[in-house]
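*Asks:* Below is the file work.cif, which contains mmCIF, C-alpha atoms.
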```cif
data_data
loop_
_atom_site.label_atom_id
_atom_site.label_comp_id
_atom_site.auth_asym_id
_atom_site.auth_seq_id
_atom_site.Cartn_x
_atom_site.Cartn_y
_atom_site.Cartn_z
CA MET A 1 105.94 64.07 205.75
CA LYS A 2 107.80 66.16 203.23
CA GLN A 3 105.65 69.10 204.13
CA LEU A 4 106.28 68.64 207.82
CA TYR A 5 109.97 68.65 207.13
CA LEU A 6 109.59 71.74 205.04
CA TYR A 7 107.68 73.54 207.74
CA PHE A 8 110.28 72.58 210.29
CA LEU A 9 113.06 73.79 208.04
CA LEU A 10 111.42 77.10 207.30
CA THR A 11 110.53 77.68 210.89
CA CYS A 12 114.20 77.34 211.68
CA LEU A 13 115.15 79.63 208.84
CA SER A 14 112.79 82.32 209.93
CA CYS A 15 113.58 82.05 213.61
CA GLY A 16 117.29 82.15 212.91
CA GLU A 17 119.48 81.81 215.95
CA LYS A 18 117.12 83.51 218.29
CA ASN A 19 115.01 80.48 218.94
CA ASN A 20 116.01 76.95 218.22
CA THR A 21 113.33 75.34 220.29
CA THR A 22 110.45 75.93 217.89
CA THR A 23 108.43 72.78 217.61
CA ILE A 24 106.27 71.68 214.75
CA ASP A 25 102.80 72.77 215.62
CA GLU A 26 100.42 72.09 212.81
CA GLU A 27 97.52 73.45 214.83
CA VAL A 28 99.14 76.86 214.95
CA ASN A 29 100.46 76.74 211.46
CA GLY A 30 97.50 74.91 210.01
CA ARG A 31 99.01 75.15 206.57
CA ALA A 32 100.65 72.80 204.16
CA PHE A 33 103.08 75.43 202.99
CA ALA A 34 105.26 78.17 204.37
CA THR A 35 105.29 81.80 203.40
CA VAL A 36 108.66 83.33 202.61
CA ASP A 37 110.07 86.56 201.29
CA PHE A 38 112.78 86.41 198.65
CA GLU A 39 115.55 86.04 201.19
CA GLY A 40 113.69 83.12 202.75
CA TYR A 41 113.22 81.56 199.33
CA GLU A 42 116.94 81.73 198.59
CA ALA A 43 117.81 80.34 202.00
CA TYR A 44 115.33 77.54 201.50
CA LEU A 45 116.80 76.49 198.17
CA THR A 46 120.27 76.19 199.66
CA GLU A 47 118.87 73.66 202.12
CA VAL A 48 117.29 71.32 199.59
CA LYS A 49 119.43 68.22 199.57
CA ALA A 50 118.43 66.38 196.39
CA PRO A 51 121.08 66.20 193.63
CA VAL A 52 118.73 67.96 191.22
CA VAL A 53 116.28 70.68 192.20
CA VAL A 54 113.36 71.73 190.02
CA VAL A 55 111.75 75.03 191.01
CA ASN A 56 108.46 75.93 189.36
CA PHE A 57 106.87 79.37 189.73
CA TRP A 58 103.08 79.12 189.53
CA ALA A 59 99.77 80.33 190.96
CA THR A 60 96.34 78.77 191.34
CA TRP A 61 94.87 81.38 188.98
CA CYS A 62 97.44 80.70 186.24
CA LYS A 63 95.86 78.34 183.72
CA PRO A 64 98.99 77.13 181.93
CA CYS A 65 100.63 76.60 185.34
CA ILE A 66 97.80 74.37 186.51
CA LYS A 67 97.95 72.44 183.29
CA GLU A 68 101.62 71.54 183.73
CA LEU A 69 101.51 71.02 187.50
CA PRO A 70 100.72 67.27 187.25
CA TYR A 71 103.91 66.83 185.21
CA PHE A 72 105.97 68.29 188.02
CA GLU A 73 104.20 66.03 190.49
CA LYS A 74 104.85 63.03 188.28
CA LEU A 75 108.49 64.01 187.88
CA GLY A 76 108.90 64.26 191.65
CA LYS A 77 107.41 60.80 192.09
CA ASN A 78 109.30 59.10 189.28
CA TYR A 79 112.63 60.55 190.33
CA GLN A 80 112.14 60.82 194.07
CA ASP A 81 115.70 59.73 194.90
CA ASP A 82 117.35 62.24 192.61
CA VAL A 83 115.01 65.16 192.10
CA SER A 84 113.35 67.54 194.51
CA VAL A 85 110.46 69.57 193.12
CA VAL A 86 109.68 72.91 194.77
CA LEU A 87 106.45 74.65 193.75
CA VAL A 88 106.80 78.37 194.41
CA SER A 89 103.32 79.87 194.51
CA LEU A 90 102.80 83.51 193.59
CA ASP A 91 99.22 83.53 194.77
CA PHE A 92 98.08 86.74 196.39
CA PRO A 93 98.70 86.75 200.14
CA ASP A 94 95.08 87.72 200.76
CA GLN A 95 93.89 84.63 198.87
CA ILE A 96 95.77 82.04 200.89
CA GLU A 97 92.66 79.90 201.35
CA ARG A 98 92.55 79.35 197.63
CA LEU A 99 96.05 77.93 197.70
CA GLU A 100 95.26 75.79 200.75
CA GLN A 101 92.20 74.35 199.08
CA PHE A 102 94.08 73.71 195.88
CA ILE A 103 96.86 71.80 197.62
CA GLU A 104 94.32 69.71 199.47
CA LYS A 105 92.06 69.06 196.50
CA HIS A 106 94.88 68.02 194.22
CA LYS A 107 96.80 66.27 197.00
CA LEU A 108 100.04 67.94 195.99
CA GLU A 109 103.05 65.93 197.10
CA SER A 110 105.72 68.39 196.08
CA GLN A 111 106.89 71.02 198.50
CA VAL A 112 104.94 74.25 198.18
CA VAL A 113 106.28 77.62 199.20
CA LEU A 114 104.28 80.85 199.00
CA LEU A 115 106.59 83.64 197.90
CA ASP A 116 105.16 86.81 199.33
CA ASP A 117 107.47 89.60 198.32
CA GLY A 118 105.87 92.61 196.72
CA ASN A 119 108.90 94.21 195.16
CA ALA A 120 109.15 91.90 192.17
CA ASN A 121 111.37 94.28 190.20
CA GLU A 122 114.09 93.63 192.77
CA TRP A 123 113.90 89.88 192.96
CA ILE A 124 112.83 88.74 189.45
CA PRO A 125 116.29 89.42 187.97
CA LYS A 126 117.84 87.61 190.94
CA VAL A 127 115.83 84.48 190.12
CA ASP A 128 117.12 84.75 186.59
CA GLN A 129 118.45 87.58 184.48
CA ASP A 130 116.36 86.36 181.54
CA TRP A 131 113.03 86.19 183.35
CA SER A 132 110.54 88.80 182.20
CA GLY A 133 108.24 87.91 185.09
CA ALA A 134 105.68 85.83 183.21
CA ILE A 135 104.54 82.58 184.78
CA PRO A 136 104.86 79.65 184.46
CA ALA A 137 108.63 79.72 184.81
CA THR A 138 110.97 76.93 185.85
CA ILE A 139 114.55 76.55 187.05
CA ILE A 140 116.43 73.26 187.05
CA PHE A 141 119.75 73.08 188.83
CA ASN A 142 122.31 70.80 190.39
CA LYS A 143 125.61 71.59 192.07
CA GLY A 144 127.30 72.77 188.94
CA GLU A 145 124.68 73.77 186.44
CA ARG A 146 121.50 75.72 186.11
CA SER A 147 118.89 76.29 183.42
CA PHE A 148 115.98 78.69 183.31
CA PHE A 149 112.79 78.29 181.27
CA GLU A 150 110.09 80.92 180.77
CA GLN A 151 107.66 78.48 179.14
CA SER A 152 105.14 75.69 179.69
CA PHE A 153 106.29 72.07 179.76
CA THR A 154 104.92 68.73 178.68
CA TYR A 155 106.03 65.82 180.84
CA GLU A 156 108.32 64.57 178.09
CA GLU A 157 110.03 67.93 177.67
CA LEU A 158 110.43 68.34 181.40
CA GLU A 159 111.86 64.85 181.84
CA LYS A 160 114.23 65.38 178.95
CA GLN A 161 115.58 68.58 180.49
CA VAL A 162 115.91 67.04 183.94
CA LYS A 163 117.77 64.02 182.58
CA THR A 164 120.53 66.31 181.34
CA PHE A 165 121.13 67.22 185.00
CA LEU A 166 121.20 63.70 186.43
CA MET B 167 116.49 53.37 138.53
CA LYS B 168 117.55 56.78 137.33
CA THR B 169 114.14 58.14 138.21
CA PHE B 170 114.52 56.71 141.68
CA LYS B 171 117.85 58.47 142.11
CA VAL B 172 116.44 61.76 140.91
CA LEU B 173 113.50 61.38 143.28
CA THR B 174 115.81 60.62 146.19
CA LEU B 175 117.91 63.63 145.35
CA LEU B 176 114.80 65.77 145.14
CA ALA B 177 113.64 64.48 148.49
CA VAL B 178 117.00 65.28 150.05
CA VAL B 179 116.91 68.78 148.63
CA LEU B 180 113.38 69.26 149.89
CA ILE B 181 114.25 68.04 153.36
CA LEU B 182 117.33 70.25 153.51
CA SER B 183 115.44 73.30 152.38
CA ALA B 184 112.75 72.56 154.94
CA PHE B 185 115.45 72.64 157.61
CA ALA B 186 116.83 75.87 156.23
CA VAL B 187 113.42 77.55 156.41
CA ASN B 188 112.93 76.17 159.87
CA THR B 189 116.20 77.66 161.05
CA ILE B 190 115.32 81.08 159.68
CA GLY B 191 111.97 80.86 161.44
CA LYS B 192 113.73 80.12 164.72
CA VAL B 193 116.01 83.11 164.37
CA GLY B 194 112.94 85.30 163.96
CA GLU B 195 111.35 83.85 167.08
CA GLY B 196 114.50 84.47 169.03
CA SER B 197 114.29 88.22 168.57
CA LYS B 198 112.84 89.60 171.76
CA GLY B 199 111.02 92.64 170.47
CA TYR B 200 111.91 96.21 171.31
CA ASN B 201 114.61 97.59 173.52
CA VAL B 202 114.60 101.09 174.94
CA GLY B 203 115.63 103.42 172.13
CA ASP B 204 114.00 101.38 169.35
CA ILE B 205 111.25 102.78 167.16
CA ALA B 206 107.93 101.05 167.81
CA ALA B 207 105.75 100.03 164.89
CA ASP B 208 102.32 101.56 164.50
CA PHE B 209 99.31 99.27 164.22
CA SER B 210 95.66 99.29 163.31
CA LEU B 211 93.64 97.30 165.82
CA LYS B 212 89.95 97.04 166.56
CA ASN B 213 88.78 98.98 169.58
CA ILE B 214 85.86 97.88 171.78
CA ASP B 215 83.68 100.48 170.01
CA GLY B 216 84.30 98.70 166.69
CA GLU B 217 86.59 101.42 165.30
CA GLN B 218 90.14 100.75 164.17
CA VAL B 219 92.74 102.61 166.24
CA SER B 220 96.28 103.57 165.19
CA LEU B 221 98.90 105.63 166.96
CA ASN B 222 98.97 107.80 163.86
CA ASP B 223 95.38 108.92 164.66
CA TYR B 224 96.68 110.90 167.62
CA LYS B 225 98.09 113.95 165.92
CA ASP B 226 98.41 116.00 169.11
CA ALA B 227 99.90 113.32 171.32
CA LYS B 228 103.48 113.66 172.54
CA GLY B 229 103.66 109.94 173.00
CA PHE B 230 101.77 106.91 174.26
CA VAL B 231 101.43 104.64 177.23
CA VAL B 232 100.94 101.30 175.48
CA ILE B 233 99.84 98.66 177.99
CA PHE B 234 99.37 95.02 177.09
CA THR B 235 96.70 93.88 179.49
CA CYS B 236 93.58 91.71 179.64
CA ASN B 237 90.42 90.87 181.57
CA THR B 238 91.48 87.61 183.14
CA CYS B 239 94.94 88.01 184.63
CA PRO B 240 94.73 88.88 188.35
CA PHE B 241 97.69 91.20 188.01
CA SER B 242 95.91 93.05 185.21
CA VAL B 243 92.74 93.24 187.29
CA ALA B 244 94.76 94.55 190.24
CA ASN B 245 96.00 97.33 187.96
CA GLU B 246 92.76 98.38 186.26
CA ASN B 247 92.13 101.35 188.50
CA ARG B 248 95.75 102.44 188.25
CA ILE B 249 95.59 102.32 184.46
CA ILE B 250 92.45 104.48 184.42
CA ALA B 251 94.11 106.96 186.81
CA LEU B 252 97.20 107.09 184.58
CA ASP B 253 95.08 107.84 181.52
CA LEU B 254 93.14 110.57 183.32
CA LYS B 255 96.33 112.13 184.62
CA TYR B 256 98.43 112.00 181.46
CA LYS B 257 96.05 112.06 178.50
CA ASN B 258 95.69 115.82 178.72
CA GLN B 259 99.43 116.19 179.05
CA GLY B 260 99.98 114.37 175.78
CA TYR B 261 100.50 110.75 176.84
CA PRO B 262 97.25 108.79 176.47
CA VAL B 263 96.92 105.14 177.49
CA ILE B 264 96.42 102.64 174.68
CA ALA B 265 95.48 99.24 176.14
CA ILE B 266 95.94 96.13 174.01
CA ASN B 267 94.67 92.66 174.87
CA PRO B 268 97.30 90.27 173.45
CA ASN B 269 95.56 87.02 174.41
CA ASN B 270 93.99 84.66 171.89
CA PRO B 271 90.29 84.50 172.84
CA GLU B 272 90.20 80.89 171.68
CA ALA B 273 92.77 79.99 174.31
CA GLN B 274 91.31 82.36 176.91
CA PRO B 275 87.56 82.82 176.37
CA GLY B 276 87.40 85.40 179.18
CA ASP B 277 89.42 87.70 176.95
CA SER B 278 87.09 87.64 173.95
CA PHE B 279 86.21 90.87 172.17
CA GLU B 280 82.70 90.78 173.70
CA LYS B 281 84.09 90.21 177.20
CA MET B 282 86.52 93.08 176.65
CA GLN B 283 83.55 95.32 175.85
CA VAL B 284 81.78 94.19 179.01
CA ARG B 285 84.80 94.75 181.24
CA ALA B 286 85.59 98.16 179.75
CA LYS B 287 82.01 99.25 180.38
CA GLU B 288 81.94 97.91 183.95
CA LYS B 289 85.15 99.72 184.83
CA GLY B 290 84.44 102.82 182.75
CA TYR B 291 87.63 102.67 180.72
CA THR B 292 88.63 106.13 179.52
CA PHE B 293 91.07 104.76 176.94
CA PRO B 294 90.92 102.52 173.87
CA TYR B 295 91.01 98.82 174.65
CA LEU B 296 92.18 97.02 171.53
CA LEU B 297 92.26 93.37 170.56
CA ASP B 298 95.50 92.13 169.07
CA GLU B 299 93.63 90.10 166.49
CA GLY B 300 95.88 87.45 164.97
CA GLN B 301 98.39 88.22 167.75
CA LYS B 302 100.86 90.07 165.56
CA ILE B 303 101.53 93.20 167.58
CA TYR B 304 102.57 91.85 170.99
CA PRO B 305 105.45 89.75 169.53
CA ALA B 306 106.67 92.78 167.56
CA TYR B 307 106.85 94.73 170.82
CA GLY B 308 108.26 91.76 172.69
CA ALA B 309 105.56 91.70 175.35
CA THR B 310 105.64 88.43 177.29
CA LYS B 311 102.93 88.97 179.86
CA THR B 312 100.04 91.04 181.11
CA PRO B 313 100.34 93.73 182.25
CA HIS B 314 103.39 94.86 180.28
CA VAL B 315 104.01 98.55 179.60
CA TYR B 316 105.77 100.33 176.72
CA LEU B 317 106.13 104.08 177.05
CA LEU B 318 106.56 105.70 173.65
CA HIS B 319 107.70 109.20 172.80
CA LYS B 320 107.06 110.82 169.45
CA THR B 321 110.21 111.82 167.61
CA ALA B 322 111.07 112.73 164.04
CA ARG B 323 112.11 109.09 163.53
CA GLY B 324 108.83 107.71 164.87
CA ASN B 325 107.57 106.53 168.25
CA GLU B 326 110.66 105.85 170.31
CA VAL B 327 110.49 103.33 173.16
CA LYS B 328 111.47 105.16 176.34
CA TYR B 329 110.49 102.76 179.09
CA ILE B 330 109.55 99.07 179.27
CA GLY B 331 108.17 97.14 182.18
CA ALA B 332 105.95 97.53 185.20
CA ILE B 333 103.55 100.29 186.23
CA ASP B 334 105.06 100.45 189.70
CA ASP B 335 106.88 98.33 192.25
CA ASN B 336 103.89 96.48 193.67
CA SER B 337 101.43 95.19 191.12
CA ARG B 338 99.39 93.19 193.65
CA ASN B 339 98.83 95.88 196.20
CA GLU B 340 98.59 99.55 195.31
CA ALA B 341 98.64 100.61 198.93
CA ALA B 342 102.15 99.17 199.27
CA VAL B 343 103.57 100.96 196.24
CA LYS B 344 106.77 102.85 196.97
CA GLU B 345 108.03 103.65 193.49
CA ARG B 346 105.88 104.59 190.51
CA PHE B 347 108.22 103.62 187.70
CA LEU B 348 105.91 104.52 184.82
CA GLU B 349 104.79 107.86 186.24
CA ASN B 350 108.39 108.79 186.99
CA ALA B 351 109.28 108.02 183.38
CA ILE B 352 106.40 110.07 181.95
CA ASN B 353 107.17 112.95 184.31
CA ALA B 354 110.78 112.93 183.18
CA LEU B 355 109.65 113.11 179.53
CA LEU B 356 107.31 115.99 180.34
CA GLU B 357 110.11 117.85 182.11
CA GLY B 358 112.60 117.08 179.35
CA LYS B 359 114.80 115.16 181.77
CA GLU B 360 116.58 111.84 181.49
CA ILE B 361 114.50 108.85 182.57
CA GLU B 362 116.32 107.26 185.49
CA VAL B 363 114.81 103.77 185.43
CA THR B 364 114.10 102.67 181.88
CA GLU B 365 113.39 98.97 182.43
CA THR B 366 111.66 97.12 185.25
CA ARG B 367 110.05 93.74 185.76
CA ALA B 368 106.93 92.47 187.41
CA ILE B 369 105.18 89.15 187.75
CA GLY B 370 102.47 88.73 185.16
CA CYS B 371 100.42 86.16 183.32
CA SER B 372 101.99 84.63 180.25
CA ILE B 373 100.28 85.65 177.02
CA LYS B 374 97.79 82.99 175.89
CA VAL B 375 98.43 81.85 172.34
#
```
Produce C-alpha cells that represent the structure in this file.
*Replies:*
Amino acid sequence: MKQLYLYFLLTCLSCGEKNNTTTIDEEVNGRAFATVDFEGYEAYLTEVKAPVVVVNFWATWCKPCIKELPYFEKLGKNYQDDVSVVLVSLDFPDQIERLEQFIEKHKLESQVVLLDDGNANEWIPKVDQDWSGAIPATIIFNKGERSFFEQSFTYEELEKQVKTFL
Amino acid sequence: MKTFKVLTLLAVVLILSAFAVNTIGKVGEGSKGYNVGDIAADFSLKNIDGEQVSLNDYKDAKGFVVIFTCNTCPFSVANENRIIALDLKYKNQGYPVIAINPNNPEAQPGDSFEKMQVRAKEKGYTFPYLLDEGQKIYPAYGATKTPHVYLLHKTARGNEVKYIGAIDDNSRNEAAVKERFLENAINALLEGKEIEVTETRAIGCSIKV
C-alpha cells in the first residue's frame, strides 16, 4: 500500500499541474518504485509526512548497503507511527530489473526511489556538504534538525540516532 | 588496605590514560586526508607484476594521476576504459596513471592481489595497479571511495595535490559525459594555467576495511 501511495505521489509530482487525472496503473508502471531526478527526489522528501524521515542511499551491488538494509526495514516497522524510511537506490538505470528482483525477493516494505541523475557532482553536495559520494550514506531529519552519516549502521546504532530525533 | 588503595589508584590512572590515548586516536581519525595544495606522501606498494612501485621511481614525470579504484565496484568497472585512455593520453605528456586498490581483500575477496592481476590482464592495463597492503595509503590521502582521483604535480616541495575527485561528470555512462574534470585539470597543468575546478564529487563504493 505504501508503494502504491508513493507511486501516486510521484506521478503527481512528475505530471505537475498539467495533468491531475493520472490514475494509478500498475500494469503500465509495473514497478514497485519510481524513478526520479534530483529535483524529483527533493520534491518527494518534502511530501513525506512522518515526524522523522530516514533516507538511506544504497544500491543492490553495494555489499555494506545490503548488509544494513534489514536494519532500516526493522526500524521502519518498529517505529511505523513516527519514522518514515526512504531507500534511495543508486542502481544503474540500465539494470532496473536487478532492483525490481531485489525488492521482490527481499519483500522490502520501505519506500524505494531510484535516483537517476547522472551529474552527481552537482547534487551530492546538495544532499549534504560533507558527503564524499561513497555509499552507504544516511540522512535522518525532522522538522528542525538533520544529521548526515557517511557510514554503515548496526540496528542499535541506527535506533540510537533516530531516538534523538523523536 | 593500603595495597588496595594503591591498586585502585593505579586502576584509575590506567583507565584515565586509556581514555587519553583513545581521544588522541580519534583526533587522528578525524583528519580527512589531503586538501588541494597539500603535499602528498610517496609510498612503496606492490604492483601486479610483483615489483614495488613508488612515485619517486618516475624521475621524468611531471606529476601523477593517482586513482584509488578496484575490480568490484561497478563505478570503477564503468571507468576502466576511461582510465586506460587517460593513461595512454597523458603518460607521454608526463602524467602517468597510478592505480591503487584500497580495499582489504579479506573483506572483498574479488579485490585480492590475484584477482587484480587477472583483471589487469583482461583489460590490458597500461599502468601500475597497486595493492594498498595494510590499507595505510588511502587514509593518508583521504580517499573514501572507488574510484577517487588525486592529481599530483611535482614541485620543489614534493608532489602537490592539484585536483581531487571524479574523472568526469558522469561516472555511470561515458556517452553522457559533458565535462571532463580530470582532463581539464591535467590540460591546465600542461598549459601552465590555473585549474578552474579543483574538487568534484561522484558516487562511489565505500572502501572495504
*Asks:* For the file shown, report as an MDAnalysis selection string the outcome of the PyMOL selection byres ((chain B) within 6 of (chain A)) at residue level.
*Replies:* chainID B and resid 311 335:336 366:372
*Asks:* Just to be explicit: take each residue in the selection above, keep C-alpha atoms, and write the result as a PDB file, keeping the file's coordinate frame.
*Replies:*
```pdb
ATOM      1  CA  LYS B 311     102.930  88.970 179.860  1.00  0.00           C
ATOM      2  CA  ASP B 335     106.880  98.330 192.250  1.00  0.00           C
ATOM      3  CA  ASN B 336     103.890  96.480 193.670  1.00  0.00           C
ATOM      4  CA  THR B 366     111.660  97.120 185.250  1.00  0.00           C
ATOM      5  CA  ARG B 367     110.050  93.740 185.760  1.00  0.00           C
ATOM      6  CA  ALA B 368     106.930  92.470 187.410  1.00  0.00           C
ATOM      7  CA  ILE B 369     105.180  89.150 187.750  1.00  0.00           C
ATOM      8  CA  GLY B 370     102.470  88.730 185.160  1.00  0.00           C
ATOM      9  CA  CYS B 371     100.420  86.160 183.320  1.00  0.00           C
ATOM     10  CA  SER B 372     101.990  84.630 180.250  1.00  0.00           C
TER      11      SER B 372
END
```
*Asks:* Rounded to one decimal place, report the CA of Val83 in chain A-CA of Tyr155 in chain A distance in Å.
*Replies:*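 Going from CA of Val83 in chain A over to CA of Tyr155 in chain A covers 14.4 Å.
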*Asks:* List every protein, DNA or RNA residue with an atom no more than 9 Å from (98.8, 109.1, 175.1) in the file's coordinates, counting all atoms listed in the file, and format the result as JSON, numbers by chain.
*Replies:* {"B": [221, 224, 227, 228, 229, 230, 231, 232, 253, 256, 257, 258, 259, 260, 261, 262, 263, 264, 318]}
*Asks:* For the selection just defined, write its residues with C-alpha atoms to a file, as a compact mmCIF listing (two decimals), keeping the file's coordinate frame.
*Replies:*
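Here's the written file again-v5.txt:
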```txt
# COMPACT_ATOMS: atom_id res chain seq x y z
CA LEU B 221 98.90 105.63 166.96
CA TYR B 224 96.68 110.90 167.62
CA ALA B 227 99.90 113.32 171.32
CA LYS B 228 103.48 113.66 172.54
CA GLY B 229 103.66 109.94 173.00
CA PHE B 230 101.77 106.91 174.26
CA VAL B 231 101.43 104.64 177.23
CA VAL B 232 100.94 101.30 175.48
CA ASP B 253 95.08 107.84 181.52
CA TYR B 256 98.43 112.00 181.46
CA LYS B 257 96.05 112.06 178.50
CA ASN B 258 95.69 115.82 178.72
CA GLN B 259 99.43 116.19 179.05
CA GLY B 260 99.98 114.37 175.78
CA TYR B 261 100.50 110.75 176.84
CA PRO B 262 97.25 108.79 176.47
CA VAL B 263 96.92 105.14 177.49
CA ILE B 264 96.42 102.64 174.68
CA LEU B 318 106.56 105.70 173.65
```
*Asks:* How would you write, as a PyMOL selection string, the residues chosen by the PyMOL selection byres ((chain A and resi 51) around 9) on this structure?
*Replies:* chain A and resi 48-50+52-53+81-84+141-143+165-166
*Asks:* Of the candidates A:Thr35, A:Leu115, A:Gly40, A:Ser110, which shows the shortest atom-to-atom distance to Tyr79 in chain A, using all atoms listed in the file?
*Replies:*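 Closest residue, counting all atoms listed in the file: A:Ser110.
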*Asks:* Using Å and a single decimal, report how far CA of Ser337 in chain B sits from CA of Ile214 in chain B.
*Replies:*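 Computing it gives 25.0 Å between the two atoms.
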*Asks:* By how many Å are CA of Val127 in chain A and CA of Ile139 in chain A apart?
*Replies:* 8.6 Å
*Asks:* When the PyMOL selection byres ((chain B and resi 291) around 10) is applied to the structure above, which residues does it catch, written out as a list of chain:residue names?
*Replies:*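 Selected by the PyMOL selection byres ((chain B and resi 291) around 10) here: B:Glu246, B:Asn247, B:Ile249, B:Ile250, B:Ala251, B:Asp253, B:Leu254, B:Ala265, B:Gln283, B:Arg285, B:Ala286, B:Lys287, B:Glu288, B:Lys289, B:Gly290, B:Thr292, B:Phe293, B:Pro294, B:Tyr295.
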*Asks:* For Ile330 in chain B, find every residue with an atom within 12 Å (counting all atoms listed in the file), except residues of its own chain fewer than 2 positions away, and show them as a PyMOL selection string.
*Replies:* (chain A and resi 132) or (chain B and resi 199-204+206+231-234+307-310+313-318+326-328+332-334+347-348+351-352+361+363-368)
*Asks:* Could you check the closest approach to Lys74 in chain A for each of A:Glu109, A:Glu39, A:Glu145, A:Asp116 and tell me which residue wins, using only C-alpha atoms?
*Replies:*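 Using only C-alpha atoms, the shortest distance to Lys74 in chain A belongs to A:Glu109.
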